[in-house]
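Participant: For reference, the structure I am asking about is given below.
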Amino acid sequence: MSGHSNDRSSSHAVTLEWPDGRTRTISAREDETVLEAADRADIALPHGCLTGACGTCTGRLLGNDGPSQAAGDKDPDATVEDIFAYQRRPRALKDRHRTEGYVLLCVASPRADCRIAVGSSVQSELVENPWK
Amino acid sequence: MSDASTNSDAEPDHDHEQHHQGPGYATPQAAIEEGEREKLAYVMSLYVGTDVDAPDFVAVVDLDPDSDTYCEIVDRIELPNRGDELHHFGWNACSSSCHVEELERRHLIVPGQRSSRIHVIDAKDRRNPELETVIEPEEVFEYDLSAPHTVHCIPDGEILISMLGDADGELPGGFLELNEDFEIEGRWEPPGEIEMNYDYWYQPRQNVMVSSEWAAPKTYYPGFDLDDVEAGKYGQKLHFWDWEDGTVEQTIDLGEEGLIPLEVRFLHTPESTHGFVGAALSSNIFHFWRDDAGEYHAEKAIDFESREHPDWEMPVPGLTTDILISMDDRYLFGSNWLHGEVWMYDISDPANPRRADSLSVGGTFGDVQEVQDRELNAGPQMIQLSLDGERLYWTTSLFSSWDEQFYPEEGEQGSVMLKADVDSRNGTLELDEDFLVDWGECPEGPARAHEIRWPDGDCTSDVWQ
C-alpha cells in the first residue's frame with residue numbers, strides 16, 4: 001500500500017494538476033473527500049452542491065502514479081473505482097463519464113496515491129454544445 | 001379561447017388605494033403611477049464554477065442617469081460561502097400583502113441554486129443591504145428538498161420557494177415554506193403532488209397557482225445533454241394548483257412543442273386567469289387560460305423558428321429562457337438567449353400575440369456584438385422591465401454550466417447588463433448604447449450576472465390579491 005497509517009485513517013498523496021501547468025500535492029485521508037483535503041491545504045477548488053449531484057467539482061483521474069507511489073504499485077489502467085471510494089453516489093456523472101476517468105471530488109475519498117486534473121475547465125468537458 | 005376572464009364574483013375594493021398601509025401598490029396601475037423610476041438594481045452575481053476564489057454576491061447597480069456612478073456596481077453583498085450559484089430571488093413581501101400594515105418590503109430571500117443554502121438580506125438601507133440570516137443546506141435537506149429556485153411571498157408574510165429536487169438532487173421536487181421570521185415552516189404541499197418543478201406564479205383572487213418544469217437537479221446541474229431530452233428527463237408540463245389547499249388540480253402536458261417550460265407568468269390584473277409560459281428548448285410561447293367551466297387550457301401562441309448557422313451542424317434553437325409581462329398587461333417581453341434577441345409582443349388579445357418589435361443583440365446571430373467596444377459574448381437572458389414599461393434591462397448569464405457549454409467566453413470575460421428604451425405607445429424597442437454594466441470589471445475577477453430586481457417591486461415580483 002502506498003498510504004501510511006495514522007491514528008485516524010490512512011492517507012494518500014493526491015497531486016492536483018491545473019491546465020496552466022501548476023501542480024500541488026496534498027495529503028488526503030481515506031475518511032475525507034479530496035475537496036475537504038484541498039480545503040485543509042487552503043486550495044480553493046470549484047464546488048457546488050457538495051452532495052454529488054451537480055458536477056461543479058469534477059476532476060479527471062490522470063493516473064495512480066503519485067509521487068510517493070512505489071513503482072510496483074503503479075497501474076496505468078487504474079480506474080476511478082480502483083482509486084476512490086465514494087461517500088455518496090456520484091449522481092452528476094453518467095456511465096460514460098465514469099469510464100472516462102471523471103470523478104466528483106466533493107464525494108470521493110482516495111484509496112491510493114493519484115494525480116487528478118482539476119479546475120473549472122474539467123467540468124465543462126462533461127457536455128458539449130449539442131447543435132454545433 | 002374564453003373571454004378576458006373577469007370574474008363577476010370578484011369585487012374590486014375601491015377604498016383600497018386610500019387605505020393600504022402595507023407593502024407595494026394597491027393595483028398594477030398604481031405601481032405604474034406611484035412607482036418611482038428604478039434608481040438601483042439588485043443583480044445576482046456569481047463565481048460558482050470558475051477558478052475565482054470568491055463567493056457569489058448580490059450586486060447593487062446604480063441606474064440613476066444623474067448619478068456620478070451611473071452604470072456602476074456601487075455595492076456588493078458578499079455571501080459567506082463559495083459554490084452557491086445565486087440564480088433567482090425574491091422579496092419577503094410584495095403588493096399581495098398591501099393590506100397588511102405590519103409588513104414591509106424589506107428582506108431579500110436569496111437562495112443558492114446549487115448549494116441549497118438560503119440567504120436573507122436586509123435591504124432596509126436600499127443602497128447598502130446587509131446579510132441578516134443564513135439557512136444552511138442541512139436544514140433544507142431535512143425536508144428532503146434541494147435546489148431552491150423561485151421565491152414569492154405568500155400574502156400575510158410567509159415565503160414560498162419552489163424546490164427542484166429531493167435531498168439527493170433527484171426527483172421529486174416540491175415547495176418549501178418559510179415563516180415571517182425566516183425559519184423553515186415545512187413543506188408547503190403534501191409530497192408527491194409533482195415530480196419536476198421550476199418556476200411558479202400565483203393568482204390568489206382566482207385561487208390558482210401555476211408551476212412549470214425543468215428537470216431533476218442531477219440532470220440539469222452538470223449541463224445540457226440532448227440524450228436526457230430523448231430519455232424524457234426534461235419537463236414539458238404545467239401544473240395548476242388549488243392555491244388555498246396546495247394541491248394540483250390539473251396538469252397539462254404541452255407535448256414536444258412545449259419542452260422545458262420555464263418562466264411562467266399570469267397577467268398582473270388580479271382578475272385574469274390568462275398567462276404565458278416560455279418553453280425554452282422548443283422555443284415556443286404557450287398561452288394558457290381558464291374556461292367558463294373552470295378548466296385550464298394551453299395553446300402555442302408564438303413559435304420562434306430555429307435558424308441555420310454555417311458553423312453549426314444542426315439548426316440552432318432560439319432558447320427562449322425568460323419572459324415577462326408589462327405591468328399594464330399590454331406587452332409580453334422575452335429573450336432568445338441562443339439566437340441573441342429580445343422581443344416584445346402585443347398581448348392585448350392574449351390568444352393571438354402580435355409581434356411589435358425585437359432587437360438582434362449578442363448571442364449567436366445578434367447584429368450588435370459589441371456595446372462601447374465591449375464584446376457581448378452571450379445573448380440576452382434574464383430580463384426586467386421598469387414599472388412604467390419604458391425601460392427593458394437584461395443580463396446575459398443563464399446558468400454557469402450551461403453558459404460554459406454555449407458561451408464559454410462569458411466565464412472568462414464576465415456578463416454584461418444592457419438596456420433598451422421601450423416606446424409602449426408605438427410598440428418599439430431601441431438599444432441604449434450609452435448603457436453598459438460590465439461584470440468583467442469586478443475586483444475579484446469577471447463574474448456572471450443573472451436575475452435583476454428593483455428595490456420597490458417589479459414586473460416579475462409583484463402579485464395582487
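Residues in the C-alpha cells are named by chain (A, B, ... in the order shown) and by number from 1 within that chain; ligands are numbered from 1 in the order shown.
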Within 10 Å of Val118 (chain A), counting only C-alpha atoms, which residues qualify if same-chain residues fewer than 2 places away don't, as an mmCIF file with N, CA and C atoms, in the first residue's frame?
Facilitator:
```
data_model
loop_
_atom_site.group_PDB
_atom_site.id
_atom_site.type_symbol
_atom_site.label_atom_id
_atom_site.label_comp_id
_atom_site.auth_asym_id
_atom_site.auth_seq_id
_atom_site.Cartn_x
_atom_site.Cartn_y
_atom_site.Cartn_z
ATOM 1 N N THR A 15 -2.014 14.442 -6.140
ATOM 2 C CA THR A 15 -1.434 15.584 -6.868
ATOM 3 C C THR A 15 -2.511 16.217 -7.740
ATOM 4 N N LEU A 16 -2.712 17.508 -7.521
ATOM 5 C CA LEU A 16 -3.715 18.261 -8.276
ATOM 6 C C LEU A 16 -2.984 18.986 -9.397
ATOM 7 N N GLU A 17 -3.503 18.859 -10.599
ATOM 8 C CA GLU A 17 -2.849 19.482 -11.759
ATOM 9 C C GLU A 17 -3.825 20.398 -12.485
ATOM 10 N N TRP A 18 -3.447 21.665 -12.608
ATOM 11 C CA TRP A 18 -4.295 22.643 -13.290
ATOM 12 C C TRP A 18 -3.890 22.759 -14.754
ATOM 13 N N PRO A 19 -4.785 23.253 -15.602
ATOM 14 C CA PRO A 19 -4.464 23.347 -17.039
ATOM 15 C C PRO A 19 -3.273 24.251 -17.329
ATOM 16 N N THR A 23 0.924 22.599 -10.228
ATOM 17 C CA THR A 23 0.560 21.370 -9.521
ATOM 18 C C THR A 23 0.732 21.580 -8.018
ATOM 19 N N LEU A 45 -10.840 24.731 -4.725
ATOM 20 C CA LEU A 45 -11.284 24.045 -5.935
ATOM 21 C C LEU A 45 -12.753 24.400 -6.174
ATOM 22 N N PRO A 46 -13.180 24.400 -7.433
ATOM 23 C CA PRO A 46 -14.592 24.677 -7.703
ATOM 24 C C PRO A 46 -15.481 23.637 -7.021
ATOM 25 N N CYS A 57 -17.530 20.215 -9.087
ATOM 26 C CA CYS A 57 -16.215 19.859 -8.531
ATOM 27 C C CYS A 57 -15.494 18.797 -9.360
ATOM 28 N N THR A 58 -16.021 18.492 -10.540
ATOM 29 C CA THR A 58 -15.480 17.366 -11.309
ATOM 30 C C THR A 58 -13.973 17.472 -11.560
ATOM 31 N N GLY A 59 -13.272 16.390 -11.298
ATOM 32 C CA GLY A 59 -11.872 16.252 -11.670
ATOM 33 C C GLY A 59 -11.734 15.071 -12.623
ATOM 34 N N ARG A 60 -10.548 14.914 -13.198
ATOM 35 C CA ARG A 60 -10.315 13.776 -14.102
ATOM 36 C C ARG A 60 -9.071 13.041 -13.653
ATOM 37 N N LEU A 61 -9.216 11.759 -13.431
ATOM 38 C CA LEU A 61 -8.090 10.939 -12.975
ATOM 39 C C LEU A 61 -7.030 10.852 -14.069
ATOM 40 N N LEU A 105 -15.060 15.251 -6.828
ATOM 41 C CA LEU A 105 -14.145 15.414 -5.702
ATOM 42 C C LEU A 105 -14.855 15.751 -4.397
ATOM 43 N N ARG A 115 -2.934 11.234 -9.379
ATOM 44 C CA ARG A 115 -2.876 12.573 -9.959
ATOM 45 C C ARG A 115 -4.239 12.875 -10.565
ATOM 46 N N ILE A 116 -4.713 14.084 -10.346
ATOM 47 C CA ILE A 116 -6.052 14.462 -10.834
ATOM 48 C C ILE A 116 -5.957 15.807 -11.547
ATOM 49 N N SER A 120 -11.881 24.590 -13.142
ATOM 50 C CA SER A 120 -13.251 24.672 -13.644
ATOM 51 C C SER A 120 -13.405 24.119 -15.059
ATOM 52 N N SER A 121 -12.313 24.080 -15.816
ATOM 53 C CA SER A 121 -12.458 23.621 -17.205
ATOM 54 C C SER A 121 -12.773 22.131 -17.287
ATOM 55 N N VAL A 122 -12.457 21.362 -16.232
ATOM 56 C CA VAL A 122 -12.726 19.919 -16.288
ATOM 57 C C VAL A 122 -14.239 19.668 -16.335
ATOM 58 N N GLN A 123 -14.983 20.418 -15.543
ATOM 59 C CA GLN A 123 -16.437 20.245 -15.539
ATOM 60 C C GLN A 123 -17.019 20.470 -16.926
ATOM 61 N N ASP B 51 -12.653 29.528 -11.580
ATOM 62 C CA ASP B 51 -11.497 29.373 -10.702
ATOM 63 C C ASP B 51 -11.277 30.590 -9.810
#
```
Participant: Show me, as a list in words, every residue of chain B with an atom at most 7 Å from chain A, counting only C-alpha atoms.
Facilitator: Val48, Gly49, Thr50, Asp51, Asp53, Gly83, Asp84, Arg114, Ser115, Asp168, Gly169, Pro217, Lys218, Tyr221, Pro222, Gly223, Phe224, Asp225, Leu226, Asp311, Trp312, Glu313, Met314, Pro315, Val316, Ser401, Glu404, Gln405 and Phe406 of chain B
Participant: With C-alpha atoms kept, could you save the residues just selected as an mmCIF file, in the first residue's frame?
Facilitator:
```
data_model
loop_
_atom_site.group_PDB
_atom_site.id
_atom_site.type_symbol
_atom_site.label_atom_id
_atom_site.label_comp_id
_atom_site.auth_asym_id
_atom_site.auth_seq_id
_atom_site.Cartn_x
_atom_site.Cartn_y
_atom_site.Cartn_z
ATOM 1 C CA VAL B 48 -19.515 29.397 -8.886
ATOM 2 C CA GLY B 49 -17.946 27.042 -11.410
ATOM 3 C CA THR B 50 -14.995 29.320 -12.153
ATOM 4 C CA ASP B 51 -11.497 29.373 -10.702
ATOM 5 C CA ASP B 53 -11.713 32.012 -5.263
ATOM 6 C CA GLY B 83 -20.373 27.482 -4.506
ATOM 7 C CA ASP B 84 -23.924 28.786 -4.094
ATOM 8 C CA ARG B 114 -26.508 24.528 -6.262
ATOM 9 C CA SER B 115 -25.768 24.768 -2.563
ATOM 10 C CA ASP B 168 -30.076 13.865 -3.322
ATOM 11 C CA GLY B 169 -30.777 16.109 -6.293
ATOM 12 C CA PRO B 217 -31.123 18.857 -10.440
ATOM 13 C CA LYS B 218 -28.729 15.983 -11.149
ATOM 14 C CA TYR B 221 -26.806 20.856 -12.974
ATOM 15 C CA PRO B 222 -23.882 19.370 -14.948
ATOM 16 C CA GLY B 223 -25.024 20.879 -18.268
ATOM 17 C CA PHE B 224 -27.453 20.256 -21.100
ATOM 18 C CA ASP B 225 -27.319 16.786 -22.651
ATOM 19 C CA LEU B 226 -29.629 16.126 -25.598
ATOM 20 C CA ASP B 311 -20.606 26.669 -38.438
ATOM 21 C CA TRP B 312 -23.230 24.621 -36.636
ATOM 22 C CA GLU B 313 -24.221 21.103 -37.610
ATOM 23 C CA MET B 314 -27.855 21.411 -36.629
ATOM 24 C CA PRO B 315 -30.397 24.258 -36.761
ATOM 25 C CA VAL B 316 -29.937 26.485 -33.728
ATOM 26 C CA SER B 401 -22.565 25.078 -16.538
ATOM 27 C CA GLU B 404 -19.790 27.121 -20.361
ATOM 28 C CA GLN B 405 -21.385 24.924 -22.984
ATOM 29 C CA PHE B 406 -22.824 27.600 -25.245
#
```
Participant: Could you tell me how far CA of Asp349 (chain B) lies from CA of Ala301 (chain B), in Å and to one decimal?
Facilitator: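 According to the coordinates, CA of Asp349 (chain B) and CA of Ala301 (chain B) are separated by 10.8 Å.
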Participant: Find the residues near region 417-420 of chain B: any atom within 8 Å, counting only C-alpha atoms, skip ones fewer than 6 places away on the same chain, and give them as a PyMOL selection string.
Facilitator: chain B and resi 391-396+429-433+435-438+449
Participant: Could you dump the residues just selected with C-alpha atoms as a PDB file, in the first residue's frame?
Facilitator:
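Listing of selection-v1.pdb after writing:
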```pdb
ATOM      1  CA  ARG B 391     -37.005  50.635 -19.984  1.00  0.00           C
ATOM      2  CA  LEU B 392     -36.106  46.991 -20.552  1.00  0.00           C
ATOM      3  CA  TYR B 393     -32.887  45.694 -18.987  1.00  0.00           C
ATOM      4  CA  TRP B 394     -31.229  42.323 -19.319  1.00  0.00           C
ATOM      5  CA  THR B 395     -28.237  40.278 -18.244  1.00  0.00           C
ATOM      6  CA  THR B 396     -26.524  37.528 -20.228  1.00  0.00           C
ATOM      7  CA  LEU B 429     -37.504  48.879 -28.768  1.00  0.00           C
ATOM      8  CA  GLU B 430     -34.288  50.846 -29.143  1.00  0.00           C
ATOM      9  CA  LEU B 431     -30.938  49.719 -27.758  1.00  0.00           C
ATOM     10  CA  ASP B 432     -29.443  52.345 -25.436  1.00  0.00           C
ATOM     11  CA  GLU B 433     -25.777  52.142 -26.351  1.00  0.00           C
ATOM     12  CA  PHE B 435     -25.886  51.966 -21.049  1.00  0.00           C
ATOM     13  CA  LEU B 436     -23.494  49.167 -20.102  1.00  0.00           C
ATOM     14  CA  VAL B 437     -22.806  47.497 -16.775  1.00  0.00           C
ATOM     15  CA  ASP B 438     -19.760  45.255 -17.008  1.00  0.00           C
ATOM     16  CA  ALA B 449     -24.906  38.133 -13.779  1.00  0.00           C
TER      17      ALA B 449
END
```
Participant: One decimal, in Å: what's the spacing between CA of Gly278 (chain B) and CA of Ser461 (chain B)?
Facilitator: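 CA of Ser461 (chain B) lies at a distance of 17.2 Å from CA of Gly278 (chain B).
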Participant: Which residues are close to Glu102 (chain B), i.e. within 9 Å by only C-alpha atoms, leaving aside same-chain residues fewer than 4 positions away? Reply as a count of residues only.
Facilitator: 3
Participant: I need the residues of chain A that end up classed as strand (DSSP E or B) by DSSP on the backbone, written out as a PDB file with N, CA and C atoms, in the first residue's frame.
Facilitator:
```pdb
ATOM      1  N   HIS A   4       0.108   5.604   4.315  1.00  0.00           N
ATOM      2  CA  HIS A   4       0.695   5.263   5.596  1.00  0.00           C
ATOM      3  C   HIS A   4      -0.373   5.432   6.678  1.00  0.00           C
ATOM      4  N   SER A  11      -3.713   7.815   4.739  1.00  0.00           N
ATOM      5  CA  SER A  11      -3.812   8.958   3.844  1.00  0.00           C
ATOM      6  C   SER A  11      -2.975   8.701   2.600  1.00  0.00           C
ATOM      7  N   HIS A  12      -3.258   9.473   1.580  1.00  0.00           N
ATOM      8  CA  HIS A  12      -2.619   9.261   0.277  1.00  0.00           C
ATOM      9  C   HIS A  12      -2.191  10.583  -0.301  1.00  0.00           C
ATOM     10  N   ALA A  13      -1.139  10.519  -1.094  1.00  0.00           N
ATOM     11  CA  ALA A  13      -0.658  11.728  -1.765  1.00  0.00           C
ATOM     12  C   ALA A  13      -1.474  11.930  -3.042  1.00  0.00           C
ATOM     13  N   VAL A  14      -2.163  13.052  -3.086  1.00  0.00           N
ATOM     14  CA  VAL A  14      -3.001  13.364  -4.253  1.00  0.00           C
ATOM     15  C   VAL A  14      -2.416  14.610  -4.911  1.00  0.00           C
ATOM     16  N   THR A  15      -2.014  14.442  -6.140  1.00  0.00           N
ATOM     17  CA  THR A  15      -1.434  15.584  -6.868  1.00  0.00           C
ATOM     18  C   THR A  15      -2.511  16.217  -7.740  1.00  0.00           C
ATOM     19  N   LEU A  16      -2.712  17.508  -7.521  1.00  0.00           N
ATOM     20  CA  LEU A  16      -3.715  18.261  -8.276  1.00  0.00           C
ATOM     21  C   LEU A  16      -2.984  18.986  -9.397  1.00  0.00           C
ATOM     22  N   GLU A  17      -3.503  18.859 -10.599  1.00  0.00           N
ATOM     23  CA  GLU A  17      -2.849  19.482 -11.759  1.00  0.00           C
ATOM     24  C   GLU A  17      -3.825  20.398 -12.485  1.00  0.00           C
ATOM     25  N   THR A  23       0.924  22.599 -10.228  1.00  0.00           N
ATOM     26  CA  THR A  23       0.560  21.370  -9.521  1.00  0.00           C
ATOM     27  C   THR A  23       0.732  21.580  -8.018  1.00  0.00           C
ATOM     28  N   ARG A  24      -0.063  20.869  -7.256  1.00  0.00           N
ATOM     29  CA  ARG A  24       0.100  20.842  -5.796  1.00  0.00           C
ATOM     30  C   ARG A  24      -0.172  19.422  -5.331  1.00  0.00           C
ATOM     31  N   THR A  25       0.637  18.940  -4.431  1.00  0.00           N
ATOM     32  CA  THR A  25       0.384  17.613  -3.877  1.00  0.00           C
ATOM     33  C   THR A  25      -0.102  17.767  -2.447  1.00  0.00           C
ATOM     34  N   ILE A  26      -1.228  17.154  -2.163  1.00  0.00           N
ATOM     35  CA  ILE A  26      -1.800  17.239  -0.819  1.00  0.00           C
ATOM     36  C   ILE A  26      -1.913  15.840  -0.238  1.00  0.00           C
ATOM     37  N   SER A  27      -2.005  15.804   1.066  1.00  0.00           N
ATOM     38  CA  SER A  27      -2.228  14.527   1.732  1.00  0.00           C
ATOM     39  C   SER A  27      -3.713  14.422   2.043  1.00  0.00           C
ATOM     40  N   ALA A  28      -4.353  13.412   1.477  1.00  0.00           N
ATOM     41  CA  ALA A  28      -5.797  13.249   1.682  1.00  0.00           C
ATOM     42  C   ALA A  28      -6.055  11.951   2.442  1.00  0.00           C
ATOM     43  N   ARG A  29      -6.778  12.058   3.526  1.00  0.00           N
ATOM     44  CA  ARG A  29      -7.081  10.875   4.332  1.00  0.00           C
ATOM     45  C   ARG A  29      -8.201  10.061   3.678  1.00  0.00           C
ATOM     46  N   THR A  58     -16.021  18.492 -10.540  1.00  0.00           N
ATOM     47  CA  THR A  58     -15.480  17.366 -11.309  1.00  0.00           C
ATOM     48  C   THR A  58     -13.973  17.472 -11.560  1.00  0.00           C
ATOM     49  N   GLY A  59     -13.272  16.390 -11.298  1.00  0.00           N
ATOM     50  CA  GLY A  59     -11.872  16.252 -11.670  1.00  0.00           C
ATOM     51  C   GLY A  59     -11.734  15.071 -12.623  1.00  0.00           C
ATOM     52  N   ARG A  60     -10.548  14.914 -13.198  1.00  0.00           N
ATOM     53  CA  ARG A  60     -10.315  13.776 -14.102  1.00  0.00           C
ATOM     54  C   ARG A  60      -9.071  13.041 -13.653  1.00  0.00           C
ATOM     55  N   LEU A  61      -9.216  11.759 -13.431  1.00  0.00           N
ATOM     56  CA  LEU A  61      -8.090  10.939 -12.975  1.00  0.00           C
ATOM     57  C   LEU A  61      -7.030  10.852 -14.069  1.00  0.00           C
ATOM     58  N   LEU A  62      -5.799  11.210 -13.716  1.00  0.00           N
ATOM     59  CA  LEU A  62      -4.708  11.172 -14.694  1.00  0.00           C
ATOM     60  C   LEU A  62      -3.833   9.938 -14.512  1.00  0.00           C
ATOM     61  N   GLY A  63      -3.882   9.330 -13.336  1.00  0.00           N
ATOM     62  CA  GLY A  63      -3.079   8.133 -13.105  1.00  0.00           C
ATOM     63  C   GLY A  63      -2.928   7.890 -11.621  1.00  0.00           C
ATOM     64  N   PHE A  84     -10.702   5.518  -5.854  1.00  0.00           N
ATOM     65  CA  PHE A  84     -11.551   6.302  -4.952  1.00  0.00           C
ATOM     66  C   PHE A  84     -12.686   5.460  -4.387  1.00  0.00           C
ATOM     67  N   ALA A  85     -13.087   5.813  -3.171  1.00  0.00           N
ATOM     68  CA  ALA A  85     -14.335   5.303  -2.606  1.00  0.00           C
ATOM     69  C   ALA A  85     -15.294   6.491  -2.525  1.00  0.00           C
ATOM     70  N   TYR A  86     -16.500   6.293  -2.993  1.00  0.00           N
ATOM     71  CA  TYR A  86     -17.481   7.378  -2.946  1.00  0.00           C
ATOM     72  C   TYR A  86     -18.271   7.345  -1.643  1.00  0.00           C
ATOM     73  N   TYR A 102     -13.658  10.589 -15.054  1.00  0.00           N
ATOM     74  CA  TYR A 102     -14.147  11.755 -14.311  1.00  0.00           C
ATOM     75  C   TYR A 102     -14.564  11.337 -12.902  1.00  0.00           C
ATOM     76  N   VAL A 103     -14.303  12.203 -11.960  1.00  0.00           N
ATOM     77  CA  VAL A 103     -14.539  11.872 -10.551  1.00  0.00           C
ATOM     78  C   VAL A 103     -15.056  13.118  -9.837  1.00  0.00           C
ATOM     79  N   LEU A 104     -16.044  12.912  -8.965  1.00  0.00           N
ATOM     80  CA  LEU A 104     -16.613  14.046  -8.225  1.00  0.00           C
ATOM     81  C   LEU A 104     -15.853  14.212  -6.911  1.00  0.00           C
ATOM     82  N   ALA A 108     -15.648  11.998  -3.212  1.00  0.00           N
ATOM     83  CA  ALA A 108     -14.679  10.920  -3.451  1.00  0.00           C
ATOM     84  C   ALA A 108     -13.534  10.990  -2.445  1.00  0.00           C
ATOM     85  N   SER A 109     -13.231   9.849  -1.827  1.00  0.00           N
ATOM     86  CA  SER A 109     -12.092   9.744  -0.906  1.00  0.00           C
ATOM     87  C   SER A 109     -11.062   8.799  -1.519  1.00  0.00           C
ATOM     88  N   PRO A 110      -9.789   9.146  -1.393  1.00  0.00           N
ATOM     89  CA  PRO A 110      -8.769   8.346  -2.081  1.00  0.00           C
ATOM     90  C   PRO A 110      -8.490   7.023  -1.370  1.00  0.00           C
ATOM     91  N   CYS A 114      -2.534   9.355  -6.278  1.00  0.00           N
ATOM     92  CA  CYS A 114      -3.025   9.594  -7.638  1.00  0.00           C
ATOM     93  C   CYS A 114      -2.749  11.015  -8.078  1.00  0.00           C
ATOM     94  N   ARG A 115      -2.934  11.234  -9.379  1.00  0.00           N
ATOM     95  CA  ARG A 115      -2.876  12.573  -9.959  1.00  0.00           C
ATOM     96  C   ARG A 115      -4.239  12.875 -10.565  1.00  0.00           C
ATOM     97  N   ILE A 116      -4.713  14.084 -10.346  1.00  0.00           N
ATOM     98  CA  ILE A 116      -6.052  14.462 -10.834  1.00  0.00           C
ATOM     99  C   ILE A 116      -5.957  15.807 -11.547  1.00  0.00           C
ATOM    100  N   ALA A 117      -6.581  15.892 -12.728  1.00  0.00           N
ATOM    101  CA  ALA A 117      -6.743  17.191 -13.393  1.00  0.00           C
ATOM    102  C   ALA A 117      -7.876  17.933 -12.692  1.00  0.00           C
TER     103      ALA A 117
END
```
Participant: Quick one: pull the distance between CA of Pro28 (chain B) and CA of Ser326 (chain B), Å, one decimal.
Facilitator: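 We find that CA of Pro28 (chain B) and CA of Ser326 (chain B) lie 9.6 Å from each other.
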